[in-house]
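With mmCIF, C-alpha atoms inside, this is protein03.cif:
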```cif
data_upload
loop_
_atom_site.label_atom_id
_atom_site.label_comp_id
_atom_site.auth_asym_id
_atom_site.auth_seq_id
_atom_site.Cartn_x
_atom_site.Cartn_y
_atom_site.Cartn_z
CA MET C 1 15.41 39.90 24.20
CA LYS C 2 17.47 37.31 26.01
CA LYS C 3 15.59 35.40 28.71
CA PRO C 4 17.19 35.01 32.16
CA ALA C 5 19.37 31.92 32.52
CA SER C 6 17.30 30.65 35.47
CA PHE C 7 14.13 30.91 33.35
CA GLU C 8 15.78 28.93 30.54
CA ALA C 9 16.89 26.32 33.08
CA LEU C 10 13.30 26.01 34.37
CA VAL C 11 12.01 25.55 30.81
CA GLU C 12 14.66 22.89 30.12
CA ALA C 13 13.74 21.09 33.36
CA LEU C 14 10.04 21.06 32.43
CA ARG C 15 10.87 19.75 28.96
CA ARG C 16 12.14 16.56 30.56
CA LEU C 17 8.55 15.57 31.33
CA PRO C 18 7.02 13.17 28.78
CA GLY C 19 4.94 14.88 26.10
CA VAL C 20 6.14 18.37 27.01
CA GLY C 21 7.72 20.29 24.14
CA PRO C 22 9.50 23.65 24.18
CA LYS C 23 6.33 25.77 23.84
CA SER C 24 4.42 23.86 26.52
CA ALA C 25 7.39 24.03 28.88
CA GLN C 26 7.67 27.78 28.33
CA ARG C 27 3.94 28.27 29.00
CA MET C 28 4.21 26.22 32.21
CA ALA C 29 7.23 28.23 33.35
CA TYR C 30 5.47 31.55 32.72
CA HIS C 31 2.33 30.32 34.47
CA LEU C 32 4.21 29.19 37.55
CA LEU C 33 6.23 32.40 37.76
CA GLN C 34 3.29 34.75 37.09
CA HIS C 35 0.38 33.04 38.82
CA ASP C 36 1.59 30.30 41.15
CA ARG C 37 4.93 31.03 42.77
CA ASP C 38 3.81 29.03 45.83
CA GLY C 39 3.10 26.10 43.50
CA LEU C 40 6.55 26.48 41.96
CA SER C 41 8.16 26.40 45.42
CA PHE C 42 6.04 23.38 46.35
CA LEU C 43 7.05 21.62 43.12
CA ALA C 44 10.74 22.34 43.74
CA GLN C 45 10.50 21.05 47.32
CA ALA C 46 8.61 17.90 46.26
CA CYS C 47 11.18 17.16 43.55
CA SER C 48 14.03 17.63 46.02
CA GLU C 49 12.34 15.34 48.59
CA ALA C 50 11.68 12.67 45.95
CA VAL C 51 15.29 12.66 44.77
CA THR C 52 16.52 12.41 48.35
CA HIS C 53 14.13 9.80 49.75
CA ILE C 54 12.80 7.59 46.93
CA HIS C 55 14.87 4.63 45.75
CA HIS C 56 14.38 1.08 44.48
CA CYS C 57 13.04 -1.69 46.73
CA ALA C 58 15.84 -4.15 47.45
CA LEU C 59 13.59 -7.07 46.47
CA CYS C 60 11.07 -6.03 43.81
CA ASN C 61 12.78 -2.95 42.34
CA THR C 62 9.73 -0.65 42.59
CA PHE C 63 9.99 2.84 44.08
CA THR C 64 9.85 3.14 47.86
CA GLU C 65 11.16 5.22 50.75
CA LEU C 66 11.97 2.02 52.67
CA GLU C 67 14.71 -0.53 52.12
CA VAL C 68 12.02 -3.10 51.26
CA CYS C 69 8.58 -1.90 50.11
CA GLU C 70 5.30 -2.56 51.91
CA ILE C 71 4.12 -5.15 49.38
CA CYS C 72 7.29 -7.23 49.78
CA THR C 73 6.98 -7.17 53.59
CA ASP C 74 3.25 -8.01 53.62
CA ALA C 75 2.99 -11.43 55.33
CA ALA C 76 -0.42 -12.05 53.70
CA ARG C 77 1.14 -12.18 50.22
CA ASP C 78 1.78 -15.45 48.37
CA THR C 79 5.58 -15.50 48.12
CA GLY C 80 5.46 -18.35 45.60
CA VAL C 81 3.96 -16.26 42.81
CA LEU C 82 5.98 -13.47 41.21
CA CYS C 83 4.41 -11.04 38.72
CA ILE C 84 6.83 -9.24 36.39
CA VAL C 85 5.76 -5.79 35.18
CA GLU C 86 7.52 -3.08 33.19
CA THR C 87 6.87 -0.06 35.44
CA PRO C 88 5.63 0.92 38.91
CA ALA C 89 2.51 2.29 37.17
CA ASP C 90 1.79 -1.22 35.83
CA LEU C 91 2.19 -2.63 39.34
CA LEU C 92 -0.30 -0.06 40.62
CA MET C 93 -2.85 -0.98 37.93
CA ILE C 94 -2.67 -4.67 38.84
CA GLU C 95 -2.96 -3.83 42.55
CA GLN C 96 -6.10 -1.79 41.85
CA THR C 97 -7.81 -4.90 40.46
CA MET C 98 -7.49 -6.47 43.95
CA THR C 99 -7.18 -9.90 42.28
CA PHE C 100 -3.46 -10.59 42.64
CA LYS C 101 -2.05 -11.52 46.05
CA GLY C 102 1.49 -12.52 45.10
CA LEU C 103 4.66 -10.45 44.84
CA TYR C 104 6.12 -8.36 42.03
CA PHE C 105 9.29 -7.54 40.18
CA VAL C 106 9.47 -4.23 38.30
CA LEU C 107 11.79 -4.21 35.29
CA MET C 108 11.82 -0.40 34.98
CA GLY C 109 11.62 -0.80 31.21
CA ARG C 110 11.54 -3.39 28.47
CA LEU C 111 13.97 -4.85 25.98
CA SER C 112 14.43 -2.63 22.95
CA PRO C 113 17.61 -3.38 20.97
CA LEU C 114 16.93 -0.51 18.56
CA ASP C 115 17.02 1.90 21.51
CA GLY C 116 20.05 0.20 23.04
CA VAL C 117 18.06 -1.35 25.92
CA GLY C 118 19.40 -4.81 26.71
CA PRO C 119 18.95 -7.37 29.52
CA GLN C 120 21.30 -5.50 31.87
CA ASP C 121 19.10 -2.38 31.54
CA ILE C 122 16.00 -4.18 32.84
CA HIS C 123 17.70 -5.55 35.96
CA LEU C 124 17.82 -9.13 34.66
CA ALA C 125 20.45 -10.29 37.18
CA LYS C 126 18.36 -8.99 40.10
CA LEU C 127 15.23 -10.64 38.66
CA LEU C 128 16.96 -14.00 38.22
CA GLN C 129 18.25 -13.86 41.78
CA ARG C 130 14.75 -13.08 43.06
CA ALA C 131 13.00 -15.72 40.95
CA SER C 132 15.58 -18.41 41.82
CA ASP C 133 15.30 -18.02 45.60
CA GLY C 134 13.71 -21.47 46.01
CA VAL C 135 10.40 -19.97 47.14
CA VAL C 136 9.02 -18.71 43.81
CA ARG C 137 7.17 -21.46 41.97
CA GLU C 138 5.31 -19.44 39.28
CA VAL C 139 6.31 -16.34 37.37
CA ILE C 140 3.59 -14.31 35.65
CA LEU C 141 4.79 -12.25 32.70
CA ALA C 142 2.70 -9.07 32.75
CA THR C 143 4.66 -6.98 30.27
CA ASN C 144 2.69 -4.86 27.82
CA PHE C 145 1.40 -6.26 24.54
CA THR C 146 3.64 -4.05 22.42
CA ASN C 147 6.38 -5.46 20.18
CA GLU C 148 8.98 -4.65 22.84
CA GLY C 149 6.79 -6.03 25.64
CA GLU C 150 6.23 -9.27 23.72
CA ALA C 151 9.95 -9.60 22.99
CA THR C 152 10.71 -9.00 26.66
CA ALA C 153 8.14 -11.61 27.74
CA HIS C 154 9.56 -14.15 25.28
CA TYR C 155 13.15 -13.57 26.42
CA LEU C 156 12.26 -13.70 30.12
CA GLY C 157 10.01 -16.72 29.64
CA THR C 158 12.76 -18.71 27.93
CA THR C 159 15.32 -17.69 30.56
CA LEU C 160 13.07 -18.48 33.53
CA LYS C 161 11.78 -21.79 32.15
CA ALA C 162 15.39 -22.90 31.75
CA ARG C 163 15.68 -22.48 35.52
CA GLY C 164 12.79 -24.87 36.12
CA LEU C 165 10.15 -22.25 36.93
CA THR C 166 6.53 -22.36 35.79
CA VAL C 167 6.00 -19.32 33.56
CA THR C 168 2.59 -17.92 32.60
CA ARG C 169 1.55 -14.87 30.56
CA LEU C 170 -1.34 -12.46 31.06
CA ALA C 171 -4.30 -13.41 28.89
CA ARG C 172 -5.30 -11.20 25.99
CA GLY C 173 -8.61 -10.74 24.29
CA VAL C 174 -11.88 -8.87 24.03
CA PRO C 175 -12.25 -6.18 26.71
CA MET C 176 -15.00 -6.45 29.33
CA GLY C 177 -18.16 -4.90 27.90
CA GLY C 178 -16.63 -4.81 24.43
CA GLU C 179 -18.67 -5.57 21.34
CA LEU C 180 -17.03 -7.72 18.67
CA GLU C 181 -18.04 -5.30 15.93
CA TYR C 182 -15.79 -2.62 17.45
CA VAL C 183 -12.81 -4.76 18.51
CA ASP C 184 -9.72 -4.49 16.31
CA ALA C 185 -8.82 -7.55 14.23
CA GLY C 186 -5.53 -8.22 16.08
CA THR C 187 -7.23 -8.33 19.49
CA LEU C 188 -10.04 -10.51 18.16
CA ALA C 189 -7.56 -12.92 16.53
CA ARG C 190 -5.61 -13.19 19.80
CA ALA C 191 -8.83 -13.81 21.74
CA MET C 192 -9.71 -16.62 19.34
CA LEU C 193 -6.27 -18.22 19.68
CA ASP C 194 -6.28 -17.87 23.49
CA ARG C 195 -9.82 -19.15 23.99
CA ARG C 196 -10.51 -21.39 27.00
CA SER C 197 -13.15 -23.88 28.05
CA THR C 198 -16.15 -22.65 30.06
#
```

Write the structure described by the file as structure tokens, please.
Amino acid sequence: MKKPASFEALVEALRRLPGVGPKSAQRMAYHLLQHDRDGLSFLAQACSEAVTHIHHCALCNTFTELEVCEICTDAARDTGVLCIVETPADLLMIEQTMTFKGLYFVLMGRLSPLDGVGPQDIHLAKLLQRASDGVVREVILATNFTNEGEATAHYLGTTLKARGLTVTRLARGVPMGGELEYVDAGTLARAMLDRRST
């Protein structure tokens, strides 16, 4: 039996979500149509509103409904320190620590030549303009510790240092509360190399 075209379109739309395959998308579609039509309408409305109102901050590139986001306009922030992260989710995680009071730049990705992601795809020109404004004195590279994240940090670090900026990288090592016996060898080796005086 052929499924209605609008049902197939809903399944295809749900498949765009990360980690959702064809079967999961179909189950979600059936659930919404059978048990939660109000939820489906709410989801459609929320998606429409997001597409219409959410865009990139003119300064830091994160998502916002304003021209410039609330963090960038916060007068209490240290404008001389710029933290570079891969995604808005990474920005949120750092904000939740309540330890960083500078500003951010969100790359919206990371360098990955094998996937065809180059410097232009991570908003390099916008980052260089932001970092070279004469106010920023330190750039913190807070990309992830994956191969792509490390490559991105190395590339950005070299580029930003050439412009006379102080560049630092997030520290790596043993997690808080972690026991050495259960820490993987790579993390332990990095912690040993990045050790500091007490």

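The neighbours of C:Val135 here are the residues that come within 10 Å of it, using all atoms listed in the file and leaving out any residue fewer than 6 positions away in the same chain; they are Asp78, Thr79, Gly80, Val81 and Leu82 of chain C.
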
### Task
Go ahead and compute the interatomic distance for atom CA of C:Arg77 and atom CA of C:Thr64, in Å to one decimal.
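So the answer is 17.8 Å.
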
### Message
as a ChimeraX atom specification, please: the residues near C:Val174 (cut-off 7 Å, all atoms listed in the file, same-chain neighbours under 3 positions excluded).
### Response
/C:178,183,187-188,191

Just to be explicit: take each residue in the selection above, keep C-alpha atoms, and write the result as a compact mmCIF listing (two decimals), in the coordinates of the input.
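What follows is the written file out-v9.txt:
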```
# COMPACT_ATOMS: atom_id res chain seq x y z
CA GLY C 178 -16.63 -4.81 24.43
CA VAL C 183 -12.81 -4.76 18.51
CA THR C 187 -7.23 -8.33 19.49
CA LEU C 188 -10.04 -10.51 18.16
CA ALA C 191 -8.83 -13.81 21.74
```

### Message
My list of candidates is C:Val136, C:Ala185, C:Leu33, C:Ala125. Which is closest to C:Thr159 when distances are computed with all atoms listed in the file?
### Response
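Smallest separation from C:Thr159 among the options: C:Ala125.
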
### Query
Can you list what the PyMOL selection byres ((chain C and resi 30) around 12) grabs from this structure, as a ChimeraX atom specification?
/C:3,7-8,10-11,14,23-29,31-37,40

How would the residues just chosen look if you wrote them out with C-alpha atoms as a compact mmCIF listing (two decimals), keeping the file's coordinate frame?
```txt
# COMPACT_ATOMS: atom_id res chain seq x y z
CA LYS C 3 15.59 35.40 28.71
CA PHE C 7 14.13 30.91 33.35
CA GLU C 8 15.78 28.93 30.54
CA LEU C 10 13.30 26.01 34.37
CA VAL C 11 12.01 25.55 30.81
CA LEU C 14 10.04 21.06 32.43
CA LYS C 23 6.33 25.77 23.84
CA SER C 24 4.42 23.86 26.52
CA ALA C 25 7.39 24.03 28.88
CA GLN C 26 7.67 27.78 28.33
CA ARG C 27 3.94 28.27 29.00
CA MET C 28 4.21 26.22 32.21
CA ALA C 29 7.23 28.23 33.35
CA HIS C 31 2.33 30.32 34.47
CA LEU C 32 4.21 29.19 37.55
CA LEU C 33 6.23 32.40 37.76
CA GLN C 34 3.29 34.75 37.09
CA HIS C 35 0.38 33.04 38.82
CA ASP C 36 1.59 30.30 41.15
CA ARG C 37 4.93 31.03 42.77
CA LEU C 40 6.55 26.48 41.96
```

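Relative to atom CA of C:Gln120, atom CA of C:Ile94 is found at 25.0 Å.
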
### Query
So which residues touch C:Cys57 within 6 Å, counting only C-alpha atoms, skipping near sequence neighbours fewer than 5 positions away, as JSON, numbers by chain?
{"C": [62, 64, 67, 68, 69]}

For the residues selected in the previous step, produce a file with C-alpha atoms as a PDB file, in the coordinates of the input.
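Result file is result26.pdb:
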```
ATOM      1  CA  THR C  62       9.730  -0.650  42.590  1.00  0.00           C
ATOM      2  CA  THR C  64       9.850   3.140  47.860  1.00  0.00           C
ATOM      3  CA  GLU C  67      14.710  -0.530  52.120  1.00  0.00           C
ATOM      4  CA  VAL C  68      12.020  -3.100  51.260  1.00  0.00           C
ATOM      5  CA  CYS C  69       8.580  -1.900  50.110  1.00  0.00           C
TER       6      CYS C  69
END
```

Assuming the input is short of atoms at stretch 84-95 of chain C, produce all heavy atoms for that part as a short mmCIF file (atom, residue, chain, number, x, y, z; two decimals), in the coordinates of the input.
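The resulting part32.cif:
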```cif
data_model
loop_
_atom_site.label_atom_id
_atom_site.label_comp_id
_atom_site.auth_asym_id
_atom_site.auth_seq_id
_atom_site.Cartn_x
_atom_site.Cartn_y
_atom_site.Cartn_z
N ILE C 84 5.84 -10.15 36.97
CA ILE C 84 6.83 -9.24 36.39
C ILE C 84 6.11 -8.17 35.56
O ILE C 84 5.35 -8.50 34.65
CB ILE C 84 7.83 -10.00 35.50
CG1 ILE C 84 8.56 -11.06 36.33
CG2 ILE C 84 8.82 -9.03 34.87
CD1 ILE C 84 9.48 -11.94 35.52
N VAL C 85 6.35 -6.91 35.90
CA VAL C 85 5.76 -5.79 35.18
C VAL C 85 6.87 -4.86 34.69
O VAL C 85 8.00 -4.92 35.17
CB VAL C 85 4.76 -5.00 36.06
CG1 VAL C 85 3.56 -5.85 36.42
CG2 VAL C 85 5.44 -4.47 37.32
N GLU C 86 6.52 -4.00 33.76
CA GLU C 86 7.52 -3.08 33.19
C GLU C 86 7.77 -1.87 34.09
O GLU C 86 8.91 -1.42 34.20
CB GLU C 86 7.07 -2.60 31.81
CG GLU C 86 7.08 -3.68 30.76
CD GLU C 86 6.62 -3.18 29.40
OE1 GLU C 86 6.63 -1.95 29.15
OE2 GLU C 86 6.24 -4.02 28.56
N THR C 87 6.72 -1.32 34.70
CA THR C 87 6.87 -0.06 35.44
C THR C 87 6.10 -0.10 36.76
O THR C 87 5.18 -0.91 36.92
CB THR C 87 6.31 1.12 34.62
OG1 THR C 87 4.88 0.98 34.50
CG2 THR C 87 6.94 1.21 33.24
N PRO C 88 6.43 0.81 37.68
CA PRO C 88 5.63 0.92 38.91
C PRO C 88 4.17 1.24 38.62
O PRO C 88 3.28 0.82 39.35
CB PRO C 88 6.32 2.06 39.67
CG PRO C 88 7.73 2.02 39.20
CD PRO C 88 7.63 1.66 37.73
N ALA C 89 3.90 1.98 37.54
CA ALA C 89 2.51 2.29 37.17
C ALA C 89 1.75 1.02 36.81
O ALA C 89 0.56 0.88 37.14
CB ALA C 89 2.49 3.29 36.00
N ASP C 90 2.43 0.07 36.16
CA ASP C 90 1.79 -1.22 35.83
C ASP C 90 1.48 -2.00 37.10
O ASP C 90 0.42 -2.62 37.22
CB ASP C 90 2.69 -2.05 34.91
CG ASP C 90 2.94 -1.39 33.55
OD1 ASP C 90 2.11 -0.56 33.14
OD2 ASP C 90 3.96 -1.71 32.92
N LEU C 91 2.41 -1.98 38.04
CA LEU C 91 2.19 -2.63 39.34
C LEU C 91 0.94 -2.05 40.00
O LEU C 91 0.08 -2.79 40.50
CB LEU C 91 3.42 -2.44 40.23
CG LEU C 91 3.43 -3.09 41.61
CD1 LEU C 91 4.86 -3.30 42.08
CD2 LEU C 91 2.67 -2.30 42.65
N LEU C 92 0.84 -0.74 40.00
CA LEU C 92 -0.30 -0.06 40.62
C LEU C 92 -1.62 -0.47 39.97
O LEU C 92 -2.62 -0.71 40.65
CB LEU C 92 -0.12 1.46 40.54
CG LEU C 92 -1.20 2.30 41.21
CD1 LEU C 92 -1.29 2.01 42.70
CD2 LEU C 92 -0.93 3.78 40.97
N MET C 93 -1.62 -0.58 38.64
CA MET C 93 -2.85 -0.98 37.93
C MET C 93 -3.28 -2.39 38.34
O MET C 93 -4.46 -2.64 38.56
CB MET C 93 -2.64 -0.90 36.42
CG MET C 93 -2.59 0.51 35.88
SD MET C 93 -4.05 1.51 36.29
CE MET C 93 -5.33 0.61 35.43
N ILE C 94 -2.33 -3.31 38.44
CA ILE C 94 -2.67 -4.67 38.84
C ILE C 94 -3.16 -4.69 40.29
O ILE C 94 -4.14 -5.37 40.62
CB ILE C 94 -1.48 -5.63 38.64
CG1 ILE C 94 -1.20 -5.78 37.15
CG2 ILE C 94 -1.76 -6.99 39.28
CD1 ILE C 94 0.03 -6.60 36.80
N GLU C 95 -2.52 -3.92 41.16
CA GLU C 95 -2.96 -3.83 42.55
C GLU C 95 -4.39 -3.31 42.66
O GLU C 95 -5.16 -3.77 43.50
CB GLU C 95 -2.02 -2.91 43.35
CG GLU C 95 -0.76 -3.59 43.82
CD GLU C 95 -1.04 -4.72 44.79
OE1 GLU C 95 -1.40 -4.46 45.95
OE2 GLU C 95 -0.91 -5.89 44.38
#
```
